[in-house]
Amino acid sequence: MSRLKTSYEKSRVVGPLHTGGPVAISSDGLHIVTCVGEEAVLTRLSDGQELRRITADNETIHSFCLTPSSSHLLIFTASLSLHIYDDPVSPTTSHQSFRPTRTIARAHDAPAHVCVVDPTSTLLASGSADGVVKIWDIRRGYMTHVFKGHGGVVSALVFRYVRDISTAVNTEPTLHLVSGSVDTRLRVFDLSPSTSRSGSGKPTAVLEGHVSVPRGLDISPDGRWLISGGRDSVVLLWDFAKTNAQARATKGKGKEILLPILARTIPVLERVEATGWIGDDSESLRFFTAGEKGTVKVWDAQTGTLLFALNEEVEQNVEVQREITAACYVPNAGMILSVHADQNILLHSVVNKALTQQLIGFNDEIVGATFLSITGPDSHIAIAANSSLIRVYSVAGNDARLLSGHSGMILCLDHSADRRFFASGSKDKSARLWSHISPKSSWSCIAICEGHAESVGAVALSRKLYGQDLGVELPHFMFTGSQDRTIKMWDLSGLSAEPDADVPQRCRSLATHKAHDKDINSLDVSPNDRFLASGSQDRTAKVYEIIYSSGGSGGARGEIKLLGTCKGHKRGVWTVRFGKTERVLATGSGDKSIKLWSLDDFSCVKTLEGHTNSVLQIDFLNQDLQVASTASDGLLKLWNVRTEECIATMDNHEDKVWALALSTNESTIVTGAADSTVTFWGDCTKEKEHERQADREKTVLREQDYMNYISMKDYRNAISLALAMDQPGRLLSLFKTIISDPNVDAEDSGGASQPVIYAVLRRLSPVELATLLRHTRDWNANARTSTVAQTLLNVLFKLRTVEDIADAFEANEAFLPIKNSTAALGGQLSLNELVQTLIPYTERHLARLDRLVQDSYILDYVLGEMDGGLIADDDGMEVDL
């Protein structure tokens, strides 16, 4: 008998990575900083692990940048503030304690949309919407220069840093700042120390050549060439060469001013949003452009010719917004990073001229998911979101691909038996079959099924492969269900797994069946390809017999025949699923229930209830002994089919969970929800069972040790063990025994005899001391146990200082949370709250004892008066009045 799976833990979460705004990458190409809402997110590129989430001041982030040495992260927000963070990529920095080392309020009088750091990681340049450029000293946090006079919004900035290494004399480096603004002019500012001390803040040169906004600026590594690209669809090449006599002018007292000249104009025939130099070789000048057409192009600067493009041009339409908004070259990694308008980030290798990694910034509402086996079992997962593009993620790495073909939103996905192919249904009234082409190492649509009059909301591929070579054999038929209330059967037997042509083949419809009175939500084919199940909004599920024959003179033939109808749900049926080993059908409905139906007489045999909203997806696992389900309540539940009980509930979503996928070995469950989050759940049943077994063994050993300590009257170790086991009942009985028996003594380190309670409390660890104070607080609230509590408090305040008790609470936060019954669930009891709780009960006990003492005096007086002459005066009791 198979053991039930009782626990799945969250192993990976794919959430929003970039929702718009600036993007920065470290110089080594290992980390990337993106914007998600009003937060900056630091992510490791290799595995997609989120390292840090930074909230500056809960305002929109306008711009940020990483220093080349990754020593600082600088963020400008809508509050016009500058936030400086030290060591953002350091793994030793705590996630919770990561705060800015310096915040400059109102760094600009207008939003700062561009910023850049010099190559030495010491100066920051920022340009604002009011045409002001400011230079900041990063480490000291003060402003060094202010440049005004731009004719509008500053659109681009770049530093020019040149150090003369041709002579042994340590010469002063040349430092310039080049800015571009909406007035189409480029301005060159001299930042050299000698000029800064006597400068007027005016540009040393104003370059005119663009007729639209310059968006991209970059300086060659040797500092000679300046490249500028703008929305006028041209790239200008400027020469800073000192040997060019025409590039110099004389001003003032014979002072020479460097004026770069325009060396070449290169038309690129698209609006340029970013440009930059590639490589460190000054002889072969190459640069890239990125912009309107969504492609990164590499050019030869000397000849002005296009060398190659790193990705194909995509036609612009309402949905596929592939325009590049920003791009940069990462020298140490040899790749170009491009940020697209559809919030996706691409990394291309310049050497291999290929796409090496793609990061999907935002998935929107996720409606479907299925595992695929390409490079290995369940190596990829396909995701359908609120888009016409299919997302295919690598399960092991941090890479994804977008598959285009549909013109409407994807509604459903399904995989073949070997998970090498998958089908998709869309609002464009069509279904497509997709395959991974091995030679090209890319995905391709190999077949298209068109014929429905409305959106295709359900697809189901045959569960068996036919033919000799099962590795490449396609499924022979596919079913589609539509909002037109019909089910179509499609012939796939004549398709090729790896077609030569790029045009997908058209599939032939074998049968069309009017199935339901309302929209069809789900389809499923039995594991033996004999039955088809359909679920609809008409609150019914129907089971059909599949009749299929291949070959013959007339080609393949197929039809479906209705066998029975499953009635019993009070709301529409969202999902249907056949059992993998049993003759059973499971259905999930909007009435919050899951029903299991017998395929012999189509009667309901079991009903699983526990979700608080519509059940959207279900699947069998563990040889049909269990069912996994997701619902609109955002929960994933595991059910025991035999007992009809929910044995586990997992929660990581904040909205409807539309997608559910199981890996082949059922060790991983993937859920996708309308909150744009994909969660991977790993089976940890064995690990949890081992932990429980270890805890049971540890508890038995502790129980035995405790009994041994009691029998030997070793109260010191018994109390320590009771504290470690967190058993307040035993602890209370121990202290009662010790307090009531004055003969129980212990030898201290000095050889003197003292009560054992002193010896125990003197040697308590900080965590044990905090635990004991929690129990003392509870005992002090009860008159029956207050004697023990007051005795312990008396001893504790004699032996331990206030600093010891405060340190105990600080140490306890890291090991054993102290639950405060008066605070919210999970809150921690602070030292102040402990004192405030002890004082009123202690005052109440003191008042009660005072009353008892007064009552005892009255009792003594009355007894003395009652005895009168019966007792001699000299033997009488003296009473103080």
# chains A, B, ... in the order shown; residues from 1 in each chain; ligands from 1
>>> residues_around(residues="range 79-93 of chain A", least_positions_apart="5", cutoff="6 Å", atoms="only C-alpha atoms", output="JSON, numbers by chain")
{"A": [71, 72, 73, 74, 100, 101, 102, 103, 104, 105, 106, 107, 108, 111]}
>>> select_by_dssp(residues="range 595-705 of chain A", states="helix (DSSP H, G or I)", output="PyMOL selection string")
chain A and resi 685-705
>>> select_by_dssp(residues="range 266-428 of chain A", states="strand (DSSP E)", output="ChimeraX atom specification")
/A:266-267,272-278,286-291,296-300,305-309,324-330,335-340,344-349,354-360,366-372,380-385,390-394,400-403,410-415,421-426
>>> residues_around(residues="Leu461 in chain A", least_positions_apart="6", cutoff="9 Å", atoms="only C-alpha atoms", output="ChimeraX atom specification")
/A:414-417,422-423,475-480,524-525
>>> write_last_selection(atoms="C-alpha atoms", output="PDB file, in the first residue's frame")
ATOM      1  CA  ASP A 414      -2.426  20.422 -21.975  1.00  0.00           C
ATOM      2  CA  HIS A 415       0.578  18.131 -22.499  1.00  0.00           C
ATOM      3  CA  SER A 416       1.064  14.898 -24.407  1.00  0.00           C
ATOM      4  CA  ALA A 417       1.794  11.533 -22.787  1.00  0.00           C
ATOM      5  CA  PHE A 422       1.715  20.595 -25.573  1.00  0.00           C
ATOM      6  CA  ALA A 423      -1.457  22.177 -26.878  1.00  0.00           C
ATOM      7  CA  PRO A 475      -0.365  11.956 -30.221  1.00  0.00           C
ATOM      8  CA  HIS A 476      -2.880  10.913 -32.858  1.00  0.00           C
ATOM      9  CA  PHE A 477      -5.840  13.071 -31.872  1.00  0.00           C
ATOM     10  CA  MET A 478      -6.829  16.079 -29.811  1.00  0.00           C
ATOM     11  CA  PHE A 479     -10.087  17.443 -28.447  1.00  0.00           C
ATOM     12  CA  THR A 480     -11.075  21.085 -28.071  1.00  0.00           C
ATOM     13  CA  ASP A 524      -9.892  15.253 -20.091  1.00  0.00           C
ATOM     14  CA  VAL A 525      -8.978  12.004 -21.862  1.00  0.00           C
TER      15      VAL A 525
END
>>> residues_around(residues="range 150-153 of chain A", least_positions_apart="4", cutoff="10 Å", atoms="only C-alpha atoms", output="ChimeraX atom specification")
/A:110-114,127-133,179-187,213
>>> atom_distance(atom1="CA of Tyr8 in chain A", atom2="CA of Met725 in chain A")
27.6 Å
>>> closest_residue(among="A:Ser444, A:Thr174, A:Gln727, A:Thr699", to="Ser496 in chain A", atoms="only C-alpha atoms")
A:Ser444
>>> residues_around(residues="Ser632 in chain A", least_positions_apart="6", cutoff="7 Å", atoms="only C-alpha atoms", output="VMD selection string")
chain A and resid 613 to 616 655 to 657
>>> write_last_selection(atoms="C-alpha atoms", output="PDB file, in the first residue's frame")
ATOM      1  CA  ASN A 613     -14.941  29.116  -2.736  1.00  0.00           C
ATOM      2  CA  SER A 614     -15.183  27.622  -6.220  1.00  0.00           C
ATOM      3  CA  VAL A 615     -12.944  24.612  -6.925  1.00  0.00           C
ATOM      4  CA  LEU A 616     -11.003  25.474 -10.090  1.00  0.00           C
ATOM      5  CA  ASP A 655      -6.158  35.412  -5.327  1.00  0.00           C
ATOM      6  CA  LYS A 656      -7.828  32.659  -7.347  1.00  0.00           C
ATOM      7  CA  VAL A 657      -5.570  29.692  -8.121  1.00  0.00           C
TER       8      VAL A 657
END
>>> decode(residues="range 675-692 of chain A", atoms="N, CA, C and O atoms", output="compact mmCIF listing (two decimals), in the first residue's frame")
# COMPACT_ATOMS: atom_id res chain seq x y z
N ASP A 675 -2.78 36.34 -8.79
CA ASP A 675 -1.88 37.33 -8.18
C ASP A 675 -0.52 37.37 -8.87
O ASP A 675 0.45 37.90 -8.31
N SER A 676 -0.42 36.76 -10.06
CA SER A 676 0.80 36.78 -10.88
C SER A 676 1.95 35.99 -10.26
O SER A 676 3.11 36.23 -10.58
N THR A 677 1.64 35.05 -9.40
CA THR A 677 2.66 34.28 -8.70
C THR A 677 2.55 32.80 -9.06
O THR A 677 1.45 32.24 -9.07
N VAL A 678 3.71 32.20 -9.37
CA VAL A 678 3.80 30.75 -9.60
C VAL A 678 4.58 30.16 -8.43
O VAL A 678 5.69 30.60 -8.13
N THR A 679 4.00 29.16 -7.77
CA THR A 679 4.62 28.56 -6.59
C THR A 679 4.94 27.10 -6.86
O THR A 679 4.08 26.35 -7.34
N PHE A 680 6.17 26.70 -6.55
CA PHE A 680 6.59 25.30 -6.64
C PHE A 680 6.53 24.70 -5.23
O PHE A 680 7.18 25.21 -4.31
N TRP A 681 5.78 23.61 -5.09
CA TRP A 681 5.64 22.92 -3.80
C TRP A 681 6.36 21.58 -3.90
O TRP A 681 6.05 20.77 -4.78
N GLY A 682 7.32 21.35 -3.00
CA GLY A 682 8.08 20.11 -2.99
C GLY A 682 7.56 19.16 -1.93
O GLY A 682 7.22 19.56 -0.81
N ASP A 683 7.52 17.87 -2.28
CA ASP A 683 7.06 16.84 -1.36
C ASP A 683 8.09 16.65 -0.25
O ASP A 683 9.25 16.29 -0.52
N CYS A 684 7.69 16.89 0.97
CA CYS A 684 8.59 16.72 2.11
C CYS A 684 7.98 15.79 3.15
O CYS A 684 8.25 15.92 4.35
N THR A 685 7.16 14.84 2.70
CA THR A 685 6.49 13.91 3.62
C THR A 685 7.50 13.09 4.39
O THR A 685 7.40 12.94 5.62
N LYS A 686 8.49 12.52 3.69
CA LYS A 686 9.49 11.69 4.37
C LYS A 686 10.32 12.50 5.35
O LYS A 686 10.60 12.05 6.47
N GLU A 687 10.71 13.71 4.95
CA GLU A 687 11.49 14.54 5.85
C GLU A 687 10.71 14.89 7.11
O GLU A 687 11.24 14.84 8.22
N LYS A 688 9.43 15.24 6.95
CA LYS A 688 8.61 15.56 8.11
C LYS A 688 8.42 14.34 9.01
O LYS A 688 8.42 14.46 10.24
N GLU A 689 8.26 13.17 8.40
CA GLU A 689 8.09 11.95 9.19
C GLU A 689 9.37 11.64 9.97
O GLU A 689 9.31 11.25 11.15
N HIS A 690 10.53 11.84 9.34
CA HIS A 690 11.79 11.64 10.05
C HIS A 690 11.93 12.63 11.20
O HIS A 690 12.41 12.26 12.29
N GLU A 691 11.51 13.87 10.97
CA GLU A 691 11.58 14.86 12.04
C GLU A 691 10.66 14.48 13.20
O GLU A 691 11.05 14.59 14.37
N ARG A 692 9.45 14.04 12.87
CA ARG A 692 8.53 13.63 13.94
C ARG A 692 9.06 12.43 14.70
O ARG A 692 8.94 12.35 15.93
